[in-house]
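Listing of input16.cif, mmCIF, C-alpha atoms, pLDDT in the B column; chains and numbers go by the auth columns
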```cif
data_start
#
loop_
_atom_site.group_PDB
_atom_site.id
_atom_site.type_symbol
_atom_site.label_atom_id
_atom_site.label_comp_id
_atom_site.label_asym_id
_atom_site.label_seq_id
_atom_site.Cartn_x
_atom_site.Cartn_y
_atom_site.Cartn_z
_atom_site.B_iso_or_equiv
_atom_site.auth_seq_id
_atom_site.auth_asym_id
ATOM 1 C CA MET A 1 -9.220 -71.636 14.598 72.00 1 A
ATOM 2 C CA ILE A 2 -8.253 -68.187 13.415 82.00 2 A
ATOM 3 C CA ARG A 3 -9.229 -64.795 14.802 83.00 3 A
ATOM 4 C CA TYR A 4 -9.711 -61.879 12.438 83.00 4 A
ATOM 5 C CA THR A 5 -10.046 -58.205 13.187 87.00 5 A
ATOM 6 C CA LEU A 6 -12.830 -57.013 10.902 89.00 6 A
ATOM 7 C CA ALA A 7 -14.241 -53.645 9.887 90.00 7 A
ATOM 8 C CA CYS A 8 -17.554 -52.777 8.261 88.00 8 A
ATOM 9 C CA GLU A 9 -18.195 -50.115 5.632 89.00 9 A
ATOM 10 C CA ARG A 10 -18.855 -47.601 8.442 89.00 10 A
ATOM 11 C CA GLN A 11 -15.441 -48.364 9.984 88.00 11 A
ATOM 12 C CA HIS A 12 -16.817 -50.176 13.040 89.00 12 A
ATOM 13 C CA SER A 13 -14.048 -52.526 14.189 86.00 13 A
ATOM 14 C CA PHE A 14 -14.698 -55.935 15.773 85.00 14 A
ATOM 15 C CA GLU A 15 -13.161 -59.399 16.067 86.00 15 A
ATOM 16 C CA SER A 16 -14.501 -62.808 15.148 85.00 16 A
ATOM 17 C CA TRP A 17 -13.243 -66.405 15.149 85.00 17 A
ATOM 18 C CA PHE A 18 -13.420 -68.747 12.141 84.00 18 A
ATOM 19 C CA GLN A 19 -12.452 -72.369 11.585 84.00 19 A
ATOM 20 C CA ASN A 20 -9.985 -71.251 8.896 84.00 20 A
ATOM 21 C CA SER A 21 -9.574 -68.511 6.289 83.00 21 A
ATOM 22 C CA ALA A 22 -11.720 -70.408 3.761 86.00 22 A
ATOM 23 C CA ALA A 23 -14.572 -70.505 6.301 87.00 23 A
ATOM 24 C CA TYR A 24 -14.343 -66.714 6.659 87.00 24 A
ATOM 25 C CA ASP A 25 -14.365 -66.245 2.873 88.00 25 A
ATOM 26 C CA LYS A 26 -17.377 -68.531 2.443 90.00 26 A
ATOM 27 C CA GLN A 27 -19.381 -66.864 5.227 89.00 27 A
ATOM 28 C CA ALA A 28 -18.490 -63.354 4.086 87.00 28 A
ATOM 29 C CA LYS A 29 -19.488 -64.179 0.491 88.00 29 A
ATOM 30 C CA ARG A 30 -22.906 -65.408 1.722 89.00 30 A
ATOM 31 C CA GLY A 31 -23.391 -62.239 3.801 87.00 31 A
ATOM 32 C CA LEU A 32 -23.287 -64.148 7.095 88.00 32 A
ATOM 33 C CA VAL A 33 -20.536 -62.015 8.628 89.00 33 A
ATOM 34 C CA THR A 34 -22.190 -58.852 9.907 89.00 34 A
ATOM 35 C CA CYS A 35 -21.156 -55.896 12.011 88.00 35 A
ATOM 36 C CA PRO A 36 -22.484 -56.199 15.571 87.00 36 A
ATOM 37 C CA VAL A 37 -22.913 -52.410 15.757 88.00 37 A
ATOM 38 C CA CYS A 38 -24.773 -51.530 12.541 88.00 38 A
ATOM 39 C CA ASN A 39 -25.600 -55.008 11.139 87.00 39 A
ATOM 40 C CA SER A 40 -23.873 -54.236 7.837 88.00 40 A
ATOM 41 C CA SER A 41 -22.792 -57.290 5.864 88.00 41 A
ATOM 42 C CA LYS A 42 -20.187 -55.267 3.937 90.00 42 A
ATOM 43 C CA VAL A 43 -17.313 -56.448 6.126 89.00 43 A
ATOM 44 C CA GLU A 44 -13.624 -56.794 5.325 89.00 44 A
ATOM 45 C CA LYS A 45 -10.568 -57.997 7.165 86.00 45 A
ATOM 46 C CA ALA A 46 -8.734 -55.157 8.889 79.00 46 A
ATOM 47 C CA ILE A 47 -4.971 -54.910 9.168 70.00 47 A
ATOM 48 C CA MET A 48 -3.778 -56.715 12.254 63.00 48 A
ATOM 49 C CA ALA A 49 -0.450 -57.748 13.708 57.00 49 A
ATOM 50 C CA PRO A 50 0.175 -61.483 13.701 58.00 50 A
ATOM 51 C CA ARG A 51 0.471 -63.195 17.055 55.00 51 A
ATOM 52 C CA LEU A 52 3.325 -65.668 16.948 55.00 52 A
ATOM 53 C CA ALA A 53 4.192 -68.009 19.769 53.00 53 A
ATOM 54 C CA ARG A 54 7.832 -68.726 20.483 55.00 54 A
ATOM 55 C CA ALA A 55 8.771 -72.056 22.009 58.00 55 A
ATOM 56 C CA ASP A 56 11.792 -70.637 23.845 59.00 56 A
ATOM 57 C CA VAL A 57 9.896 -67.839 25.611 55.00 57 A
ATOM 58 C CA PRO A 58 6.902 -68.578 27.838 59.00 58 A
ATOM 59 C CA GLU A 59 3.829 -66.571 27.053 59.00 59 A
ATOM 60 C CA PRO A 60 3.360 -63.773 29.594 59.00 60 A
ATOM 61 C CA PRO A 61 0.277 -64.044 31.788 57.00 61 A
ATOM 62 C CA PRO A 62 -2.612 -61.763 30.862 58.00 62 A
ATOM 63 C CA PRO A 63 -2.553 -58.390 32.627 60.00 63 A
ATOM 64 C CA ILE A 64 -4.467 -58.196 35.875 58.00 64 A
ATOM 65 C CA PRO A 65 -7.285 -55.699 35.461 58.00 65 A
ATOM 66 C CA ALA A 66 -7.306 -52.756 37.832 56.00 66 A
ATOM 67 C CA PRO A 67 -10.108 -52.809 40.370 56.00 67 A
ATOM 68 C CA PRO A 68 -12.972 -50.545 39.360 56.00 68 A
ATOM 69 C CA ALA A 69 -13.201 -47.174 41.045 55.00 69 A
ATOM 70 C CA ALA A 70 -15.742 -46.952 43.858 52.00 70 A
ATOM 71 C CA THR A 71 -17.883 -44.508 41.878 55.00 71 A
ATOM 72 C CA THR A 72 -17.967 -46.700 38.752 53.00 72 A
ATOM 73 C CA PRO A 73 -20.909 -49.129 38.613 57.00 73 A
ATOM 74 C CA ALA A 74 -20.001 -52.771 38.005 56.00 74 A
ATOM 75 C CA PRO A 75 -20.262 -53.744 34.307 61.00 75 A
ATOM 76 C CA GLN A 76 -23.071 -56.079 33.321 64.00 76 A
ATOM 77 C CA ALA A 77 -21.967 -59.594 32.390 65.00 77 A
ATOM 78 C CA LYS A 78 -22.317 -60.161 28.667 67.00 78 A
ATOM 79 C CA THR A 79 -23.789 -63.325 27.239 62.00 79 A
ATOM 80 C CA PRO A 80 -22.219 -64.720 24.055 63.00 80 A
ATOM 81 C CA VAL A 81 -24.619 -64.462 21.134 63.00 81 A
ATOM 82 C CA ALA A 82 -24.696 -65.672 17.554 66.00 82 A
ATOM 83 C CA ILE A 83 -26.751 -64.672 14.581 75.00 83 A
ATOM 84 C CA MET A 84 -27.926 -67.815 12.840 74.00 84 A
ATOM 85 C CA SER A 85 -29.575 -68.234 9.502 82.00 85 A
ATOM 86 C CA SER A 86 -32.858 -70.119 9.252 83.00 86 A
ATOM 87 C CA GLN A 87 -30.923 -73.089 7.826 85.00 87 A
ATOM 88 C CA GLU A 88 -28.624 -73.126 10.857 83.00 88 A
ATOM 89 C CA ARG A 89 -31.593 -72.943 13.231 83.00 89 A
ATOM 90 C CA GLU A 90 -33.240 -75.834 11.377 86.00 90 A
ATOM 91 C CA LEU A 91 -30.056 -77.929 11.536 85.00 91 A
ATOM 92 C CA ARG A 92 -29.690 -77.197 15.267 84.00 92 A
ATOM 93 C CA GLN A 93 -33.306 -78.312 15.802 87.00 93 A
ATOM 94 C CA LYS A 94 -32.746 -81.550 13.845 88.00 94 A
ATOM 95 C CA LEU A 95 -29.596 -82.306 15.880 86.00 95 A
ATOM 96 C CA LYS A 96 -31.553 -81.721 19.104 87.00 96 A
ATOM 97 C CA GLU A 97 -34.345 -84.026 17.858 89.00 97 A
ATOM 98 C CA LEU A 98 -31.774 -86.723 16.994 88.00 98 A
ATOM 99 C CA ARG A 99 -30.176 -86.524 20.436 86.00 99 A
ATOM 100 C CA ASP A 100 -33.580 -86.572 22.160 88.00 100 A
ATOM 101 C CA HIS A 101 -34.676 -89.593 20.086 90.00 101 A
ATOM 102 C CA VAL A 102 -31.562 -91.588 20.956 89.00 102 A
ATOM 103 C CA THR A 103 -31.660 -90.763 24.662 87.00 103 A
ATOM 104 C CA LYS A 104 -35.369 -91.642 24.809 92.00 104 A
ATOM 105 C CA ASN A 105 -35.210 -94.900 22.831 92.00 105 A
ATOM 106 C CA ALA A 106 -31.769 -96.359 23.663 91.00 106 A
ATOM 107 C CA ASN A 107 -30.326 -97.866 26.827 92.00 107 A
ATOM 108 C CA TYR A 108 -27.827 -95.696 28.703 92.00 108 A
ATOM 109 C CA VAL A 109 -24.760 -97.792 29.585 92.00 109 A
ATOM 110 C CA GLY A 110 -22.523 -94.969 30.813 91.00 110 A
ATOM 111 C CA PRO A 111 -18.776 -95.655 30.861 93.00 111 A
ATOM 112 C CA LYS A 112 -19.403 -99.296 29.908 94.00 112 A
ATOM 113 C CA PHE A 113 -20.207 -98.204 26.331 94.00 113 A
ATOM 114 C CA PRO A 114 -17.069 -99.712 24.698 94.00 114 A
ATOM 115 C CA GLU A 115 -17.571 -103.034 26.506 94.00 115 A
ATOM 116 C CA GLU A 116 -21.295 -103.231 25.671 94.00 116 A
ATOM 117 C CA ALA A 117 -20.715 -102.176 22.052 93.00 117 A
ATOM 118 C CA ARG A 118 -18.211 -105.008 21.624 94.00 118 A
ATOM 119 C CA LYS A 119 -20.604 -107.568 23.157 95.00 119 A
ATOM 120 C CA ILE A 120 -23.354 -106.487 20.744 93.00 120 A
ATOM 121 C CA HIS A 121 -20.991 -106.391 17.738 92.00 121 A
ATOM 122 C CA TYR A 122 -19.589 -109.864 18.398 92.00 122 A
ATOM 123 C CA GLY A 123 -23.021 -111.366 19.146 92.00 123 A
ATOM 124 C CA GLU A 124 -22.358 -112.034 22.827 94.00 124 A
ATOM 125 C CA THR A 125 -25.553 -110.166 23.776 92.00 125 A
ATOM 126 C CA GLU A 126 -28.784 -109.345 21.978 93.00 126 A
ATOM 127 C CA HIS A 127 -28.672 -106.382 19.601 91.00 127 A
ATOM 128 C CA ARG A 128 -30.109 -103.205 21.119 92.00 128 A
ATOM 129 C CA SER A 129 -29.583 -99.473 20.828 92.00 129 A
ATOM 130 C CA ILE A 130 -27.231 -98.105 23.473 93.00 130 A
ATOM 131 C CA TYR A 131 -25.494 -94.855 24.304 91.00 131 A
ATOM 132 C CA GLY A 132 -22.875 -93.872 26.845 91.00 132 A
ATOM 133 C CA GLU A 133 -19.353 -92.507 27.163 91.00 133 A
ATOM 134 C CA ALA A 134 -16.053 -93.484 25.584 90.00 134 A
ATOM 135 C CA SER A 135 -12.650 -91.841 25.705 89.00 135 A
ATOM 136 C CA PRO A 136 -10.986 -90.845 22.415 89.00 136 A
ATOM 137 C CA ASP A 137 -8.681 -93.879 22.711 91.00 137 A
ATOM 138 C CA GLU A 138 -11.628 -96.213 23.338 92.00 138 A
ATOM 139 C CA ALA A 139 -13.524 -94.737 20.380 90.00 139 A
ATOM 140 C CA LYS A 140 -10.463 -95.184 18.155 91.00 140 A
ATOM 141 C CA ALA A 141 -10.150 -98.834 19.214 92.00 141 A
ATOM 142 C CA LEU A 142 -13.849 -99.471 18.484 92.00 142 A
ATOM 143 C CA HIS A 143 -13.453 -97.889 15.044 91.00 143 A
ATOM 144 C CA GLU A 144 -10.353 -99.974 14.291 92.00 144 A
ATOM 145 C CA GLU A 145 -12.335 -103.116 15.197 90.00 145 A
ATOM 146 C CA GLY A 146 -15.003 -102.133 12.667 91.00 146 A
ATOM 147 C CA ILE A 147 -17.655 -101.447 15.294 91.00 147 A
ATOM 148 C CA GLU A 148 -20.090 -98.849 13.999 90.00 148 A
ATOM 149 C CA PHE A 149 -21.020 -96.031 16.370 88.00 149 A
ATOM 150 C CA HIS A 150 -21.714 -92.313 16.109 87.00 150 A
ATOM 151 C CA PRO A 151 -21.066 -89.507 18.566 86.00 151 A
ATOM 152 C CA LEU A 152 -24.169 -87.805 19.906 82.00 152 A
ATOM 153 C CA PRO A 153 -24.283 -84.099 19.029 77.00 153 A
ATOM 154 C CA ILE A 154 -23.815 -81.765 21.969 75.00 154 A
ATOM 155 C CA LEU A 155 -25.206 -78.298 21.436 70.00 155 A
ATOM 156 C CA PRO A 156 -24.134 -75.220 23.400 64.00 156 A
ATOM 157 C CA ASP A 157 -27.599 -75.113 25.015 61.00 157 A
ATOM 158 C CA ASP A 158 -26.897 -78.567 26.509 53.00 158 A
ATOM 159 C CA GLN A 159 -24.033 -77.097 28.554 48.00 159 A
ATOM 160 C CA ASN A 160 -26.223 -74.529 30.359 41.00 160 A
#
```
Translate the structure of the given file into structure tokens.
Amino acid sequence: MIRYTLACERQHSFESWFQNSAAYDKQAKRGLVTCPVCNSSKVEKAIMAPRLARADVPEPPPPIPAPPAATTPAPQAKTPVAIMSSQERELRQKLKELRDHVTKNANYVGPKFPEEARKIHYGETEHRSIYGEASPDEAKALHEEGIEFHPLPILPDDQN
């Protein structure tokens, strides 16, 4: 992930995270990167100082914010938001439908997923659709054995 400081044509400055620089370029070219203040899609990277981590020096802890003055009202908590294209909304809906279909029509086996998947793959039990949990190491082992499985998509809404 990479964080860029960006500025729109009206000089509004803001930050945004991207998977990599190519992802920023692709989104900016399609007009998907917009200013949160004026909604302009004419956005460019602003000059910013690089943040380099040194292995020999521990990173200092973030500064402790000063307590608000008694006369200052408490700030409202902000909710993260995203502007999605209609294609992104449609993809999100399809992923939700896929997850709902699997959870409705498959047997939940919980942490026994790797064990049950092996039994089904090797014909020790009758074939059926299952879902459950597996650690990254367990998933890697299943893959190396040639056992076909797919992770269920988890959307941000699922975490609320």
*Within 12 Å of Phe149 of chain A, counting all atoms listed in the file, which residues qualify if same-chain residues fewer than 4 places away don't, as a PyMOL selection string?*
chain A and resi 113-114+116-118+120-121+129-134+138-145
Export of prior selection with C-alpha atoms as a short mmCIF file (atom, residue, chain, number, x, y, z; two decimals), in the frame of the given file:
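Dumped everything to result_27.cif:
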```
data_model
loop_
_atom_site.label_atom_id
_atom_site.label_comp_id
_atom_site.auth_asym_id
_atom_site.auth_seq_id
_atom_site.Cartn_x
_atom_site.Cartn_y
_atom_site.Cartn_z
CA PHE A 113 -20.21 -98.20 26.33
CA PRO A 114 -17.07 -99.71 24.70
CA GLU A 116 -21.30 -103.23 25.67
CA ALA A 117 -20.72 -102.18 22.05
CA ARG A 118 -18.21 -105.01 21.62
CA ILE A 120 -23.35 -106.49 20.74
CA HIS A 121 -20.99 -106.39 17.74
CA SER A 129 -29.58 -99.47 20.83
CA ILE A 130 -27.23 -98.10 23.47
CA TYR A 131 -25.49 -94.86 24.30
CA GLY A 132 -22.88 -93.87 26.84
CA GLU A 133 -19.35 -92.51 27.16
CA ALA A 134 -16.05 -93.48 25.58
CA GLU A 138 -11.63 -96.21 23.34
CA ALA A 139 -13.52 -94.74 20.38
CA LYS A 140 -10.46 -95.18 18.16
CA ALA A 141 -10.15 -98.83 19.21
CA LEU A 142 -13.85 -99.47 18.48
CA HIS A 143 -13.45 -97.89 15.04
CA GLU A 144 -10.35 -99.97 14.29
CA GLU A 145 -12.34 -103.12 15.20
#
```
*asked:* If we count all atoms listed in the file and set the cut-off at 8 Å, which residues sit around segment 94-107 of chain A, ignoring sequence neighbours fewer than 2 positions away in its own chain? Please answer as a VMD selection string.
replied: chain A and resid 90 to 92 109 128 to 131 152 to 153 155
*Take atom CA of Thr5 of chain A and atom CA of Gln87 of chain A and report the distance between them in Å, one decimal.*
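Taking atom CA of Thr5 of chain A as the start and atom CA of Gln87 of chain A as the end point, the length is 26.2 Å.
Evaluating the PyMOL selection byres ((chain A and resi 36) around 12) against the shown model yields Leu6, Ala7, Cys8, Arg10, Gln11, His12, Ser13, Phe14, Glu15, Ser16, Leu32, Val33, Thr34, Cys35, Val37, Cys38, Asn39, Ser40, Ser41, Lys42, Val43, Val81, Ala82 and Ile83 of chain A.
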*asked:* As an exercise, work out the distance from atom CA of Tyr108 of chain A to atom CA of Gln93 of chain A in Å and give it to one decimal place.
replied: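 So the answer is 22.3 Å.
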*Which value, in Å to one decimal, gives the distance between atom CA of Arg30 of chain A and atom CA of Ala46 of chain A?*
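Rounded to one decimal, the two atoms are 18.9 Å apart.
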Determine the residue set returned by the PyMOL selection byres ((chain A and resi 18-25) around 7) for the present structure, and present it as a compact mmCIF listing (two decimals) with C-alpha atoms, in the coordinates of the input.
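For reference, expr_28.txt as written:
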```
# COMPACT_ATOMS: atom_id res chain seq x y z
CA MET A 1 -9.22 -71.64 14.60
CA ILE A 2 -8.25 -68.19 13.42
CA ARG A 3 -9.23 -64.80 14.80
CA SER A 16 -14.50 -62.81 15.15
CA TRP A 17 -13.24 -66.40 15.15
CA LYS A 26 -17.38 -68.53 2.44
CA GLN A 27 -19.38 -66.86 5.23
CA ALA A 28 -18.49 -63.35 4.09
CA LYS A 29 -19.49 -64.18 0.49
```
Got a moment to write segment 21-53 of chain A out with N, CA, C and O atoms, as an mmCIF file, in the first residue's frame?
```
data_model
loop_
_atom_site.group_PDB
_atom_site.id
_atom_site.type_symbol
_atom_site.label_atom_id
_atom_site.label_comp_id
_atom_site.auth_asym_id
_atom_site.auth_seq_id
_atom_site.Cartn_x
_atom_site.Cartn_y
_atom_site.Cartn_z
ATOM 1 N N SER A 21 1.539 2.411 -7.155
ATOM 2 C CA SER A 21 1.487 3.613 -7.979
ATOM 3 C C SER A 21 0.704 3.381 -9.270
ATOM 4 O O SER A 21 0.032 4.279 -9.776
ATOM 5 N N ALA A 22 0.766 2.165 -9.817
ATOM 6 C CA ALA A 22 0.005 1.862 -11.034
ATOM 7 C C ALA A 22 -1.498 1.947 -10.769
ATOM 8 O O ALA A 22 -2.268 2.395 -11.623
ATOM 9 N N ALA A 23 -1.921 1.521 -9.572
ATOM 10 C CA ALA A 23 -3.348 1.602 -9.220
ATOM 11 C C ALA A 23 -3.793 3.058 -9.172
ATOM 12 O O ALA A 23 -4.873 3.405 -9.643
ATOM 13 N N TYR A 24 -2.929 3.931 -8.615
ATOM 14 C CA TYR A 24 -3.273 5.365 -8.603
ATOM 15 C C TYR A 24 -3.410 5.869 -10.033
ATOM 16 O O TYR A 24 -4.392 6.526 -10.376
ATOM 17 N N ASP A 25 -2.416 5.578 -10.876
ATOM 18 C CA ASP A 25 -2.443 6.059 -12.261
ATOM 19 C C ASP A 25 -3.697 5.603 -12.989
ATOM 20 O O ASP A 25 -4.344 6.395 -13.692
ATOM 21 N N LYS A 26 -4.062 4.342 -12.819
ATOM 22 C CA LYS A 26 -5.237 3.790 -13.495
ATOM 23 C C LYS A 26 -6.521 4.481 -13.016
ATOM 24 O O LYS A 26 -7.362 4.867 -13.817
ATOM 25 N N GLN A 27 -6.652 4.649 -11.695
ATOM 26 C CA GLN A 27 -7.850 5.280 -11.151
ATOM 27 C C GLN A 27 -7.928 6.760 -11.535
ATOM 28 O O GLN A 27 -9.009 7.262 -11.862
ATOM 29 N N ALA A 28 -6.791 7.440 -11.495
ATOM 30 C CA ALA A 28 -6.785 8.855 -11.857
ATOM 31 C C ALA A 28 -7.152 9.033 -13.332
ATOM 32 O O ALA A 28 -7.918 9.934 -13.688
ATOM 33 N N LYS A 29 -6.634 8.166 -14.193
ATOM 34 C CA LYS A 29 -6.926 8.242 -15.625
ATOM 35 C C LYS A 29 -8.421 8.057 -15.897
ATOM 36 O O LYS A 29 -8.984 8.700 -16.775
ATOM 37 N N ARG A 30 -9.080 7.183 -15.105
ATOM 38 C CA ARG A 30 -10.512 6.927 -15.278
ATOM 39 C C ARG A 30 -11.383 7.964 -14.564
ATOM 40 O O ARG A 30 -12.603 7.888 -14.606
ATOM 41 N N GLY A 31 -10.754 8.935 -13.881
ATOM 42 C CA GLY A 31 -11.513 9.965 -13.187
ATOM 43 C C GLY A 31 -12.129 9.500 -11.887
ATOM 44 O O GLY A 31 -13.085 10.086 -11.395
ATOM 45 N N LEU A 32 -11.573 8.417 -11.299
ATOM 46 C CA LEU A 32 -12.125 7.863 -10.069
ATOM 47 C C LEU A 32 -11.522 8.487 -8.814
ATOM 48 O O LEU A 32 -12.033 8.278 -7.729
ATOM 49 N N VAL A 33 -10.437 9.231 -8.969
ATOM 50 C CA VAL A 33 -9.833 9.912 -7.831
ATOM 51 C C VAL A 33 -10.385 11.339 -7.839
ATOM 52 O O VAL A 33 -10.134 12.101 -8.771
ATOM 53 N N THR A 34 -11.158 11.668 -6.826
ATOM 54 C CA THR A 34 -11.789 12.987 -6.784
ATOM 55 C C THR A 34 -11.506 13.683 -5.465
ATOM 56 O O THR A 34 -11.300 13.040 -4.437
ATOM 57 N N CYS A 35 -11.533 14.986 -5.512
ATOM 58 C CA CYS A 35 -11.312 15.816 -4.334
ATOM 59 C C CYS A 35 -12.517 15.690 -3.402
ATOM 60 O O CYS A 35 -13.658 15.851 -3.840
ATOM 61 N N PRO A 36 -12.283 15.413 -2.118
ATOM 62 C CA PRO A 36 -13.409 15.296 -1.194
ATOM 63 C C PRO A 36 -14.065 16.632 -0.861
ATOM 64 O O PRO A 36 -15.167 16.673 -0.341
ATOM 65 N N VAL A 37 -13.393 17.749 -1.197
ATOM 66 C CA VAL A 37 -13.936 19.065 -0.894
ATOM 67 C C VAL A 37 -14.824 19.572 -2.029
ATOM 68 O O VAL A 37 -15.976 19.944 -1.818
ATOM 69 N N CYS A 38 -14.285 19.546 -3.267
ATOM 70 C CA CYS A 38 -15.032 20.128 -4.393
ATOM 71 C C CYS A 38 -15.455 19.096 -5.436
ATOM 72 O O CYS A 38 -16.069 19.439 -6.437
ATOM 73 N N ASN A 39 -15.088 17.828 -5.244
ATOM 74 C CA ASN A 39 -15.457 16.736 -6.144
ATOM 75 C C ASN A 39 -14.799 16.824 -7.524
ATOM 76 O O ASN A 39 -15.246 16.186 -8.463
ATOM 77 N N SER A 40 -13.746 17.601 -7.642
ATOM 78 C CA SER A 40 -13.040 17.711 -8.915
ATOM 79 C C SER A 40 -12.254 16.429 -9.176
ATOM 80 O O SER A 40 -11.637 15.864 -8.268
ATOM 81 N N SER A 41 -12.269 15.971 -10.416
ATOM 82 C CA SER A 41 -11.485 14.785 -10.761
ATOM 83 C C SER A 41 -10.141 15.170 -11.384
ATOM 84 O O SER A 41 -9.380 14.302 -11.789
ATOM 85 N N LYS A 42 -9.853 16.464 -11.438
ATOM 86 C CA LYS A 42 -8.547 16.930 -11.926
ATOM 87 C C LYS A 42 -7.615 16.985 -10.725
ATOM 88 O O LYS A 42 -7.435 18.018 -10.086
ATOM 89 N N VAL A 43 -7.033 15.813 -10.414
ATOM 90 C CA VAL A 43 -6.224 15.632 -9.212
ATOM 91 C C VAL A 43 -4.826 15.208 -9.620
ATOM 92 O O VAL A 43 -4.650 14.423 -10.545
ATOM 93 N N GLU A 44 -3.830 15.726 -8.921
ATOM 94 C CA GLU A 44 -2.445 15.350 -9.169
ATOM 95 C C GLU A 44 -1.748 15.066 -7.850
ATOM 96 O O GLU A 44 -2.174 15.539 -6.800
ATOM 97 N N LYS A 45 -0.663 14.311 -7.940
ATOM 98 C CA LYS A 45 0.135 14.052 -6.754
ATOM 99 C C LYS A 45 0.815 15.352 -6.334
ATOM 100 O O LYS A 45 1.327 16.085 -7.167
ATOM 101 N N ALA A 46 0.799 15.616 -5.033
ATOM 102 C CA ALA A 46 1.479 16.792 -4.498
ATOM 103 C C ALA A 46 2.863 16.365 -4.023
ATOM 104 O O ALA A 46 3.127 15.183 -3.793
ATOM 105 N N ILE A 47 3.734 17.331 -3.862
ATOM 106 C CA ILE A 47 5.075 17.037 -3.355
ATOM 107 C C ILE A 47 4.948 16.618 -1.896
ATOM 108 O O ILE A 47 4.254 17.259 -1.106
ATOM 109 N N MET A 48 5.609 15.526 -1.567
ATOM 110 C CA MET A 48 5.568 15.057 -0.187
ATOM 111 C C MET A 48 6.905 14.449 0.179
ATOM 112 O O MET A 48 7.616 13.935 -0.670
ATOM 113 N N ALA A 49 7.244 14.525 1.446
ATOM 114 C CA ALA A 49 8.496 13.953 1.925
ATOM 115 C C ALA A 49 8.320 12.456 2.101
ATOM 116 O O ALA A 49 7.306 12.010 2.624
ATOM 117 N N PRO A 50 9.303 11.671 1.663
ATOM 118 C CA PRO A 50 9.173 10.228 1.848
ATOM 119 C C PRO A 50 9.304 9.867 3.317
ATOM 120 O O PRO A 50 10.001 10.517 4.076
ATOM 121 N N ARG A 51 8.640 8.811 3.708
ATOM 122 C CA ARG A 51 8.730 8.320 5.077
ATOM 123 C C ARG A 51 9.503 7.008 5.014
ATOM 124 O O ARG A 51 9.014 6.011 4.506
ATOM 125 N N LEU A 52 10.711 7.028 5.534
ATOM 126 C CA LEU A 52 11.576 5.870 5.482
ATOM 127 C C LEU A 52 11.759 5.305 6.882
ATOM 128 O O LEU A 52 12.030 6.036 7.830
ATOM 129 N N ALA A 53 11.619 4.023 7.007
ATOM 130 C CA ALA A 53 11.821 3.368 8.288
ATOM 131 C C ALA A 53 13.264 2.908 8.383
ATOM 132 O O ALA A 53 13.824 2.395 7.427
#
```
